[in-house]
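With mmCIF, C-alpha atoms and all ligand atoms inside, this is structure-v6.cif:
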```
data_model
#
loop_
_atom_site.label_atom_id
_atom_site.label_comp_id
_atom_site.auth_asym_id
_atom_site.auth_seq_id
_atom_site.Cartn_x
_atom_site.Cartn_y
_atom_site.Cartn_z
CA MET U 91 -31.92 64.90 -53.24
CA LYS U 92 -33.21 62.48 -50.58
CA ARG U 93 -33.61 58.83 -51.57
CA ALA U 94 -36.03 56.27 -50.13
CA LEU U 95 -36.52 52.57 -50.71
CA VAL U 96 -40.11 51.34 -50.41
CA THR U 97 -40.71 47.59 -50.17
CA GLY U 98 -44.17 46.50 -51.31
CA CYS U 99 -44.26 49.55 -53.61
CA ALA U 100 -47.04 48.05 -55.75
CA GLY U 101 -49.22 47.36 -52.74
CA PHE U 102 -52.06 49.46 -51.44
CA ILE U 103 -50.24 51.63 -48.87
CA GLY U 104 -46.82 51.36 -50.55
CA SER U 105 -48.09 52.86 -53.81
CA HIS U 106 -49.65 55.80 -51.94
CA LEU U 107 -46.43 56.27 -49.97
CA CYS U 108 -44.34 56.31 -53.18
CA ARG U 109 -46.58 59.00 -54.68
CA ALA U 110 -46.33 61.14 -51.54
CA LEU U 111 -42.53 60.86 -51.48
CA LEU U 112 -42.22 61.70 -55.19
CA ALA U 113 -44.50 64.70 -54.73
CA ASP U 114 -42.08 65.96 -52.08
CA GLY U 115 -39.13 65.66 -54.44
CA TRP U 116 -37.70 62.39 -53.11
CA GLU U 117 -35.99 59.88 -55.36
CA VAL U 118 -37.86 56.62 -54.82
CA ARG U 119 -36.71 53.05 -55.34
CA GLY U 120 -39.27 50.32 -54.97
CA ILE U 121 -39.33 46.57 -54.78
CA ASP U 122 -42.32 44.27 -55.13
CA ASP U 123 -42.69 40.62 -56.09
CA PHE U 124 -46.16 41.28 -57.55
CA SER U 125 -47.64 38.42 -55.56
CA VAL U 126 -50.59 40.76 -54.99
CA GLY U 127 -49.10 44.07 -56.14
CA VAL U 128 -50.60 45.90 -59.09
CA ALA U 129 -48.24 47.34 -61.71
CA GLY U 130 -50.65 50.15 -62.65
CA ARG U 131 -50.43 51.54 -59.13
CA VAL U 132 -46.71 52.27 -59.35
CA SER U 133 -45.73 55.68 -60.64
CA SER U 134 -43.36 55.53 -63.62
CA ASP U 135 -41.05 57.82 -61.61
CA VAL U 136 -40.33 54.99 -59.16
CA GLU U 137 -37.12 53.13 -59.93
CA MET U 138 -38.73 49.73 -59.55
CA VAL U 139 -37.25 46.27 -59.16
CA ILE U 140 -39.30 43.09 -59.33
CA GLY U 141 -37.90 40.85 -56.64
CA ASP U 142 -38.19 39.22 -53.24
CA VAL U 143 -37.46 41.18 -50.05
CA CYS U 144 -35.90 38.01 -48.65
CA ASP U 145 -33.14 38.23 -51.30
CA ALA U 146 -30.34 39.52 -49.06
CA PRO U 147 -27.80 40.58 -51.74
CA LEU U 148 -30.54 42.36 -53.70
CA MET U 149 -31.75 44.20 -50.60
CA ARG U 150 -28.19 45.26 -49.73
CA SER U 151 -27.75 46.78 -53.17
CA LEU U 152 -31.16 48.50 -53.10
CA ALA U 153 -30.52 50.00 -49.65
CA ALA U 154 -27.21 51.51 -50.79
CA GLY U 155 -27.36 55.30 -50.85
CA CYS U 156 -30.83 55.46 -49.27
CA ASP U 157 -31.71 57.84 -46.45
CA VAL U 158 -34.81 55.89 -45.42
CA VAL U 159 -36.06 52.37 -46.05
CA TYR U 160 -39.81 51.94 -45.60
CA HIS U 161 -40.60 48.25 -45.18
CA LEU U 162 -44.19 47.44 -46.14
CA ALA U 163 -43.95 44.21 -48.18
CA VAL U 164 -46.01 41.49 -46.55
CA ARG U 165 -48.07 38.38 -47.09
CA ASN U 166 -51.37 39.66 -45.76
CA ILE U 167 -53.48 38.18 -42.98
CA MET U 168 -55.55 35.99 -45.33
CA ILE U 169 -52.58 34.64 -47.29
CA SER U 170 -50.71 34.10 -44.02
CA ALA U 171 -53.54 31.89 -42.76
CA ASP U 172 -53.63 29.86 -46.00
CA ASP U 173 -49.96 29.40 -46.83
CA VAL U 174 -48.29 29.50 -43.45
CA GLU U 175 -44.81 28.38 -44.50
CA ASP U 176 -44.25 30.88 -47.30
CA SER U 177 -45.85 33.69 -45.29
CA TRP U 178 -43.70 33.02 -42.24
CA ARG U 179 -40.66 33.19 -44.55
CA VAL U 180 -41.67 36.52 -46.12
CA ASN U 181 -43.03 38.13 -42.96
CA THR U 182 -40.03 37.31 -40.78
CA LEU U 183 -37.07 36.90 -43.16
CA GLY U 184 -38.33 39.91 -45.16
CA PRO U 185 -37.99 42.41 -42.30
CA GLY U 186 -34.79 40.60 -41.27
CA SER U 187 -33.18 41.09 -44.66
CA VAL U 188 -34.24 44.78 -44.65
CA TYR U 189 -32.61 45.26 -41.23
CA HIS U 190 -29.46 43.42 -42.33
CA ALA U 191 -29.29 45.41 -45.58
CA ALA U 192 -29.48 48.66 -43.60
CA LEU U 193 -26.76 47.52 -41.19
CA ALA U 194 -24.51 46.49 -44.09
CA GLN U 195 -24.27 50.14 -45.24
CA ALA U 196 -21.45 52.39 -44.05
CA HIS U 197 -24.15 54.87 -42.98
CA PRO U 198 -27.23 52.75 -42.23
CA PRO U 199 -30.44 54.29 -43.52
CA LEU U 200 -33.29 54.85 -41.13
CA VAL U 201 -35.64 51.86 -41.28
CA VAL U 202 -39.37 52.43 -40.80
CA PHE U 203 -41.03 49.07 -40.20
CA THR U 204 -44.76 49.06 -40.90
CA SER U 205 -46.11 46.71 -38.29
CA SER U 206 -49.81 46.56 -37.38
CA VAL U 207 -52.21 47.12 -34.51
CA SER U 208 -53.01 43.42 -34.92
CA VAL U 209 -50.05 42.81 -32.55
CA TYR U 210 -52.44 43.67 -29.67
CA GLY U 211 -54.88 40.87 -30.56
CA GLN U 212 -58.00 41.42 -28.49
CA ALA U 213 -56.69 44.17 -26.24
CA ASP U 214 -58.04 44.57 -22.71
CA VAL U 215 -57.84 48.38 -22.93
CA ILE U 216 -59.74 50.28 -25.64
CA PRO U 217 -58.63 52.70 -27.08
CA THR U 218 -55.41 50.70 -27.00
CA PRO U 219 -52.06 52.42 -26.28
CA GLU U 220 -48.65 51.21 -27.48
CA SER U 221 -47.92 49.88 -23.98
CA ALA U 222 -50.56 47.14 -24.32
CA PRO U 223 -49.08 43.62 -24.40
CA TYR U 224 -48.56 41.53 -27.52
CA LYS U 225 -51.21 38.88 -28.25
CA ALA U 226 -50.84 36.74 -31.36
CA GLY U 227 -54.14 35.35 -32.64
CA ASN U 228 -52.94 34.31 -36.09
CA PRO U 229 -49.70 33.69 -38.06
CA TYR U 230 -49.66 37.20 -39.59
CA THR U 231 -49.70 38.77 -36.13
CA ALA U 232 -47.11 36.33 -34.77
CA ALA U 233 -44.75 37.28 -37.61
CA LYS U 234 -45.29 41.02 -37.02
CA ILE U 235 -44.43 40.56 -33.35
CA ALA U 236 -41.32 38.52 -34.24
CA ALA U 237 -40.21 41.20 -36.74
CA GLU U 238 -40.72 44.01 -34.22
CA LEU U 239 -38.76 42.17 -31.53
CA TYR U 240 -35.94 41.18 -33.87
CA GLY U 241 -35.63 44.76 -35.11
CA LEU U 242 -35.56 46.14 -31.58
CA SER U 243 -32.90 43.59 -30.60
CA LEU U 244 -30.75 44.78 -33.54
CA LEU U 245 -31.28 48.35 -32.38
CA ARG U 246 -29.88 47.42 -28.95
CA LEU U 247 -27.09 45.21 -30.26
CA ARG U 248 -26.03 46.93 -33.50
CA ASP U 249 -27.57 50.42 -33.37
CA LEU U 250 -30.06 49.67 -36.14
CA PRO U 251 -31.86 52.99 -36.67
CA LEU U 252 -35.41 51.63 -36.47
CA VAL U 253 -38.84 53.20 -36.02
CA ILE U 254 -41.99 51.06 -35.82
CA VAL U 255 -45.45 52.19 -36.91
CA ARG U 256 -48.65 50.30 -36.22
CA PRO U 257 -51.46 51.47 -38.52
CA SER U 258 -55.06 50.44 -37.92
CA ASN U 259 -57.40 49.10 -40.60
CA VAL U 260 -56.31 51.29 -43.46
CA TYR U 261 -58.76 52.00 -46.28
CA GLY U 262 -58.92 54.28 -49.29
CA PRO U 263 -58.43 54.37 -53.05
CA GLY U 264 -56.99 51.19 -54.48
CA HIS U 265 -57.68 48.95 -51.49
CA ARG U 266 -58.96 45.57 -52.55
CA GLU U 267 -58.98 43.57 -49.35
CA GLY U 268 -60.75 45.60 -46.70
CA PRO U 269 -64.46 45.79 -45.89
CA VAL U 270 -64.86 49.47 -46.86
CA ASN U 271 -64.05 48.96 -50.52
CA ARG U 272 -65.65 45.50 -50.64
CA PHE U 273 -68.94 46.84 -49.25
CA LEU U 274 -68.87 49.84 -51.62
CA ALA U 275 -68.17 47.61 -54.61
CA ARG U 276 -70.99 45.19 -53.68
CA TYR U 277 -73.51 48.01 -53.21
CA ALA U 278 -72.41 49.68 -56.45
CA ALA U 279 -73.08 46.35 -58.22
CA GLY U 280 -76.53 46.14 -56.60
CA GLN U 281 -75.53 43.23 -54.35
CA PRO U 282 -75.75 42.88 -50.55
CA ALA U 283 -72.61 43.44 -48.50
CA ILE U 284 -71.14 40.20 -47.16
CA ILE U 285 -70.44 40.39 -43.43
CA GLU U 286 -68.30 37.81 -41.70
CA GLY U 287 -69.61 37.04 -38.22
CA ASN U 288 -72.55 38.81 -36.62
CA GLY U 289 -71.59 42.32 -37.74
CA GLN U 290 -70.88 43.56 -34.20
CA ALA U 291 -67.07 43.38 -34.49
CA THR U 292 -65.58 46.86 -34.38
CA ARG U 293 -62.51 48.27 -36.08
CA ASP U 294 -60.74 51.63 -36.20
CA TYR U 295 -60.78 52.57 -39.90
CA THR U 296 -58.00 54.97 -40.84
CA TYR U 297 -57.75 56.74 -44.17
CA VAL U 298 -54.69 55.91 -46.27
CA ALA U 299 -53.56 59.53 -46.78
CA ASP U 300 -53.55 60.01 -43.01
CA VAL U 301 -51.57 56.81 -42.53
CA VAL U 302 -49.03 57.77 -45.20
CA ARG U 303 -48.59 61.16 -43.55
CA GLY U 304 -48.11 59.41 -40.20
CA ILE U 305 -45.60 56.91 -41.58
CA ARG U 306 -43.64 59.72 -43.19
CA SER U 307 -43.57 61.88 -40.10
CA THR U 308 -41.99 59.06 -38.08
CA ALA U 309 -39.06 58.99 -40.52
CA SER U 310 -36.68 61.00 -38.40
CA ARG U 311 -33.70 59.83 -36.36
CA GLU U 312 -35.13 61.51 -33.28
CA TYR U 313 -37.77 58.75 -33.15
CA VAL U 314 -35.38 55.78 -33.34
CA GLY U 315 -36.54 53.05 -30.99
CA GLN U 316 -40.09 54.40 -30.79
CA ILE U 317 -43.37 52.72 -31.70
CA PHE U 318 -46.40 54.67 -32.91
CA ASN U 319 -50.05 53.69 -33.27
CA LEU U 320 -51.79 55.32 -36.23
CA GLY U 321 -55.55 55.21 -35.73
CA THR U 322 -58.55 57.45 -35.16
CA GLY U 323 -59.67 56.11 -31.76
CA LYS U 324 -63.16 55.51 -33.15
CA GLU U 325 -64.83 52.10 -33.08
CA VAL U 326 -67.10 51.30 -36.01
CA SER U 327 -68.99 48.00 -36.25
CA LEU U 328 -69.22 46.13 -39.54
CA LEU U 329 -73.00 46.66 -39.53
CA SER U 330 -72.57 50.43 -39.05
CA LEU U 331 -69.94 50.44 -41.79
CA ALA U 332 -72.36 48.68 -44.15
CA GLY U 333 -74.92 51.37 -43.40
CA LEU U 334 -72.44 54.16 -44.12
CA CYS U 335 -71.35 52.49 -47.38
CA ALA U 336 -74.97 52.01 -48.47
CA ASP U 337 -75.65 55.70 -47.79
CA ALA U 338 -72.59 56.65 -49.84
CA VAL U 339 -73.75 54.59 -52.79
CA GLY U 340 -77.39 55.62 -52.34
CA CYS U 341 -78.96 52.23 -51.71
CA THR U 342 -80.46 50.32 -48.78
CA ALA U 343 -78.04 48.50 -46.53
CA ALA U 344 -78.77 44.88 -47.46
CA VAL U 345 -76.35 42.43 -45.84
CA THR U 346 -75.61 38.72 -46.03
CA PHE U 347 -73.96 37.07 -43.03
CA VAL U 348 -71.33 34.36 -43.47
CA PRO U 349 -69.27 32.57 -40.77
CA GLN U 350 -66.31 34.38 -39.26
CA ARG U 351 -62.92 33.22 -40.56
CA ALA U 352 -60.76 31.47 -37.99
CA TYR U 353 -57.91 33.99 -38.17
CA GLU U 354 -60.19 36.85 -37.12
CA THR U 355 -60.10 36.77 -33.34
CA VAL U 356 -60.64 40.43 -32.48
CA ALA U 357 -64.10 41.58 -31.38
CA ARG U 358 -63.29 45.20 -30.64
CA ARG U 359 -60.57 47.55 -31.84
CA ALA U 360 -59.84 51.25 -31.45
CA MET U 361 -56.43 52.83 -31.08
CA ASP U 362 -55.01 55.39 -28.71
CA ALA U 363 -52.75 57.52 -30.92
CA THR U 364 -51.87 60.07 -28.24
CA ARG U 365 -48.17 59.34 -28.62
CA ALA U 366 -48.24 60.16 -32.36
CA ARG U 367 -50.24 63.31 -31.65
CA ILE U 368 -47.81 64.58 -29.02
CA ALA U 369 -44.50 63.49 -30.60
CA LEU U 370 -45.29 63.89 -34.30
CA GLY U 371 -48.14 66.37 -34.23
CA TRP U 372 -50.08 63.70 -36.15
CA LYS U 373 -53.82 63.35 -36.15
CA PRO U 374 -56.19 61.87 -38.68
CA LEU U 375 -57.70 64.55 -40.92
CA VAL U 376 -60.16 62.48 -42.96
CA SER U 377 -63.20 60.95 -41.28
CA LEU U 378 -64.82 57.75 -42.51
CA GLU U 379 -68.07 59.61 -43.16
CA ASP U 380 -66.36 62.37 -45.19
CA SER U 381 -64.27 60.00 -47.29
CA LEU U 382 -67.33 57.90 -48.08
CA ARG U 383 -69.39 60.98 -48.87
CA GLN U 384 -66.76 62.09 -51.36
CA SER U 385 -66.72 58.56 -52.83
CA THR U 386 -62.95 58.69 -53.01
CA CYS U 387 -62.76 54.99 -52.21
CA ILE U 388 -65.08 53.54 -54.75
CA SER U 389 -64.02 55.56 -57.75
CA ALA U 390 -60.44 54.50 -57.36
CA ALA U 391 -61.33 50.94 -56.34
CA ASP U 392 -62.75 50.56 -59.82
CA VAL U 393 -59.67 51.95 -61.46
CA LEU U 394 -56.78 50.41 -59.53
N1 LIG U 401 -53.96 47.64 -45.06
C1 LIG U 401 -54.10 47.70 -43.74
O1 LIG U 401 -55.21 47.85 -43.22
C2 LIG U 401 -52.89 47.62 -42.84
C3 LIG U 401 -53.07 47.81 -41.46
C4 LIG U 401 -51.97 47.71 -40.62
C5 LIG U 401 -50.72 47.44 -41.14
N2 LIG U 401 -50.56 47.24 -42.48
C6 LIG U 401 -49.23 46.93 -42.98
O2 LIG U 401 -48.88 47.86 -43.97
C7 LIG U 401 -48.08 47.23 -44.96
C8 LIG U 401 -48.69 47.45 -46.33
O3 LIG U 401 -50.02 46.91 -46.32
P1 LIG U 401 -50.92 46.93 -47.61
O4 LIG U 401 -52.31 46.94 -47.17
O5 LIG U 401 -50.43 47.94 -48.57
O6 LIG U 401 -50.60 45.47 -48.18
P2 LIG U 401 -50.60 44.96 -49.69
O7 LIG U 401 -50.79 43.48 -49.63
O8 LIG U 401 -51.52 45.76 -50.54
O9 LIG U 401 -49.11 45.29 -50.15
C9 LIG U 401 -48.02 44.47 -49.86
C10 LIG U 401 -47.16 44.39 -51.09
O10 LIG U 401 -46.03 43.58 -50.79
C11 LIG U 401 -45.74 42.79 -51.93
N3 LIG U 401 -44.98 41.62 -51.48
C12 LIG U 401 -45.44 40.55 -50.78
N4 LIG U 401 -44.44 39.69 -50.56
C13 LIG U 401 -43.32 40.23 -51.11
C14 LIG U 401 -41.97 39.81 -51.22
N5 LIG U 401 -41.54 38.63 -50.71
N6 LIG U 401 -41.09 40.61 -51.85
C15 LIG U 401 -41.49 41.79 -52.38
N7 LIG U 401 -42.76 42.24 -52.31
C16 LIG U 401 -43.66 41.46 -51.70
C17 LIG U 401 -47.10 42.45 -52.51
O11 LIG U 401 -47.05 42.08 -53.86
C18 LIG U 401 -47.84 43.75 -52.29
O12 LIG U 401 -47.74 44.61 -53.41
C19 LIG U 401 -47.97 45.77 -44.57
O13 LIG U 401 -46.76 45.54 -43.90
C20 LIG U 401 -49.14 45.57 -43.64
O14 LIG U 401 -48.91 44.54 -42.72
C21 LIG U 401 -51.62 47.32 -43.34
#
```
Would you encode the structure as structure tokens?
Ligand SMILES: NC(=O)c1ccc[n+]([C@@H]2O[C@H](COP(=O)([O-])OP(=O)(O)OC[C@H]3O[C@@H](n4cnc5c(N)ncnc54)[C@H](O)[C@@H]3O)[C@@H](O)[C@H]2O)c1
Amino acid sequence: MKRALVTGCAGFIGSHLCRALLADGWEVRGIDDFSVGVAGRVSSDVEMVIGDVCDAPLMRSLAAGCDVVYHLAVRNIMISADDVEDSWRVNTLGPGSVYHAALAQAHPPLVVFTSSVSVYGQADVIPTPESAPYKAGNPYTAAKIAAELYGLSLLRLRDLPLVIVRPSNVYGPGHREGPVNRFLARYAAGQPAIIEGNGQATRDYTYVADVVRGIRSTASREYVGQIFNLGTGKEVSLLSLAGLCADAVGCTAAVTFVPQRAYETVARRAMDATRARIALGWKPLVSLEDSLRQSTCISAADVL
């Protein structure tokens, strides 16, 4: 039986990834410090440890016997802007200790590092390909870039078997942070959606099941050293998103504008995922409109 370690297993994407691996017959170990993780999200079939990914001896023991280590644990963009010291520790030493734990094994497991399309900052080219340069607009992004570069340096120096994925604005059941679920929840409660900025900022919203499928399909040694965008290529403004969410809930799209937060520096985002399509045969299967129509986001947002 294949064995995977998932860091951030009680997080939004990590919990979906664990379920997908279990459904495919994998043995799954997970680690989460429950800083924002939710216990109810984690399947009882996950062999779960409560701990810190920066704990090097713990990570070495958890990586033992694993075929793949999926590193997702993170202090998110908001927390990283508030508590910069702790977030820098987790978001740089965390990936570092995962890489070191893999290298400490006689047969290092494949490491899939979940980075982010935020490493492009405000890209000049849209849809943005993987070849676009790094631009760090906030501490979260700076740490992702550092973790990518450190991992790639260990690949060159020590043969770390590393693949990097950069998902774009993931949404779906159980997400608590993103605008899709926040707008749906506000409309369901009969309240206006709160939009930061003028509502014109665009993002490329990618459904969590598509992202999990993409992350999993990169987990092969033939992709070591490669970087993959996971996005739909479609730009959706916050105002358009509010309209779609209002339609899904069956109300009028009332909005309240509040000032943009300083860490949000990106006006436009859409990803070029041609590389994932050609190399992995990956493409997004769930559109924003369809997922909202089926209300898959809001029902589970209430539950998880
Ligand atoms: N959600 C998105 O839109 C999105 C987009 C691009 C990339 N990503 C990346 O995907 C990964 C997962 O994102 P998510 O949305 O599921 O985030 P999340 O915040 O829901 O999950 C992260 C999990 O990591 C845990 N964690 C934090 N610090 C830890 C530590 N020191 N030790 C152990 N666990 C710790 C948290 O408790 C949480 O359960 C992250 O690396 C994130 O940067 C997410």
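Taking all atoms listed in the file into account, the protein and nucleic acid residues that come at most 6 Å from ligand LIG 401 (chain U) are U:Gly98, U:Ala100, U:Gly101, U:Phe102, U:Ile103, U:Gly104, U:Ile121, U:Asp122, U:Asp123, U:Phe124, U:Ser125, U:Val126, U:Gly127, U:Gly141, U:Asp142, U:Val143, U:Leu162, U:Ala163, U:Val164, U:Arg165, U:Asn166, U:Val180, U:Thr204, U:Ser205, U:Ser206, U:Pro257, U:Ser258, U:Asn259, U:Val260.
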Self-check item: All residues 10 Å or closer to segment 346-356 of chain U, all atoms listed in the file, same chain fewer than 5 positions away omitted, as a ChimeraX atom specification
Solution: /U:167-168,170-172,208,210-213,226-231,281-289,291-293
Exercise. Write out as an MDAnalysis selection string the residues lying within 9 Å of Gly340 of chain U, counting only C-alpha atoms and excluding same-chain residues fewer than 3 positions away.
Key: chainID U and resid 277:278 335:337
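Interatomic distance, atom CA of Thr218 of chain U against atom CA of Asp362 of chain U: 5.0 Å.
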Selection near Asp214 of chain U, 12 Å with all atoms listed in the file, sequence-local residues under 4 positions removed, as a compact mmCIF listing (two decimals) with C-alpha atoms, in the coordinates of the input:
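Written output follows (part.txt):
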```txt
# COMPACT_ATOMS: atom_id res chain seq x y z
CA TYR U 210 -52.44 43.67 -29.67
CA THR U 218 -55.41 50.70 -27.00
CA PRO U 219 -52.06 52.42 -26.28
CA SER U 221 -47.92 49.88 -23.98
CA ALA U 222 -50.56 47.14 -24.32
CA PRO U 223 -49.08 43.62 -24.40
CA TYR U 224 -48.56 41.53 -27.52
CA LYS U 225 -51.21 38.88 -28.25
CA VAL U 356 -60.64 40.43 -32.48
CA ALA U 357 -64.10 41.58 -31.38
CA ARG U 358 -63.29 45.20 -30.64
CA ARG U 359 -60.57 47.55 -31.84
CA ALA U 360 -59.84 51.25 -31.45
CA MET U 361 -56.43 52.83 -31.08
```
Quiz item: Leaving out Leu375 of chain U and any residue of its chain fewer than 2 positions from it, which residues lie within 9 Å of it when counting all atoms listed in the file, given as number ranges by chain?
Solution: U: 297, 299-300, 373, 377
Practice problem: Please identify all polymer residues within 10 Å of Gly155 of chain U, counting only C-alpha atoms, omitting same-chain residues fewer than 5 positions from it, and present them as a PyMOL selection string. | Solution: chain U and resi 92-95+195-199
Go ahead and save the picked residues with C-alpha atoms, as a PDB file, in the coordinates of the input.
```pdb
ATOM      1  CA  LYS U  92     -33.210  62.480 -50.580  1.00  0.00           C
ATOM      2  CA  ARG U  93     -33.610  58.830 -51.570  1.00  0.00           C
ATOM      3  CA  ALA U  94     -36.030  56.270 -50.130  1.00  0.00           C
ATOM      4  CA  LEU U  95     -36.520  52.570 -50.710  1.00  0.00           C
ATOM      5  CA  GLN U 195     -24.270  50.140 -45.240  1.00  0.00           C
ATOM      6  CA  ALA U 196     -21.450  52.390 -44.050  1.00  0.00           C
ATOM      7  CA  HIS U 197     -24.150  54.870 -42.980  1.00  0.00           C
ATOM      8  CA  PRO U 198     -27.230  52.750 -42.230  1.00  0.00           C
ATOM      9  CA  PRO U 199     -30.440  54.290 -43.520  1.00  0.00           C
TER      10      PRO U 199
END
```
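Straight-line separation from atom CA of Gly120 of chain U to atom CA of Lys234 of chain U: 21.1 Å.
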Practice problem: Pick out the closest residue to Leu378 of chain U from this set: U:Ala113, U:Val159, U:Val270, U:Ala366. Count only C-alpha atoms. | Solution: U:Val270
Quiz item: Hey, can you check how far atom CA of Arg383 of chain U sits from atom CA of Gly323 of chain U?
Solution: 20.3 Å
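With all atoms listed in the file as the atoms that count, the residue of U:Cys156, U:Val302, U:Thr97, U:Glu220 with the shortest distance to Val188 of chain U is U:Thr97.
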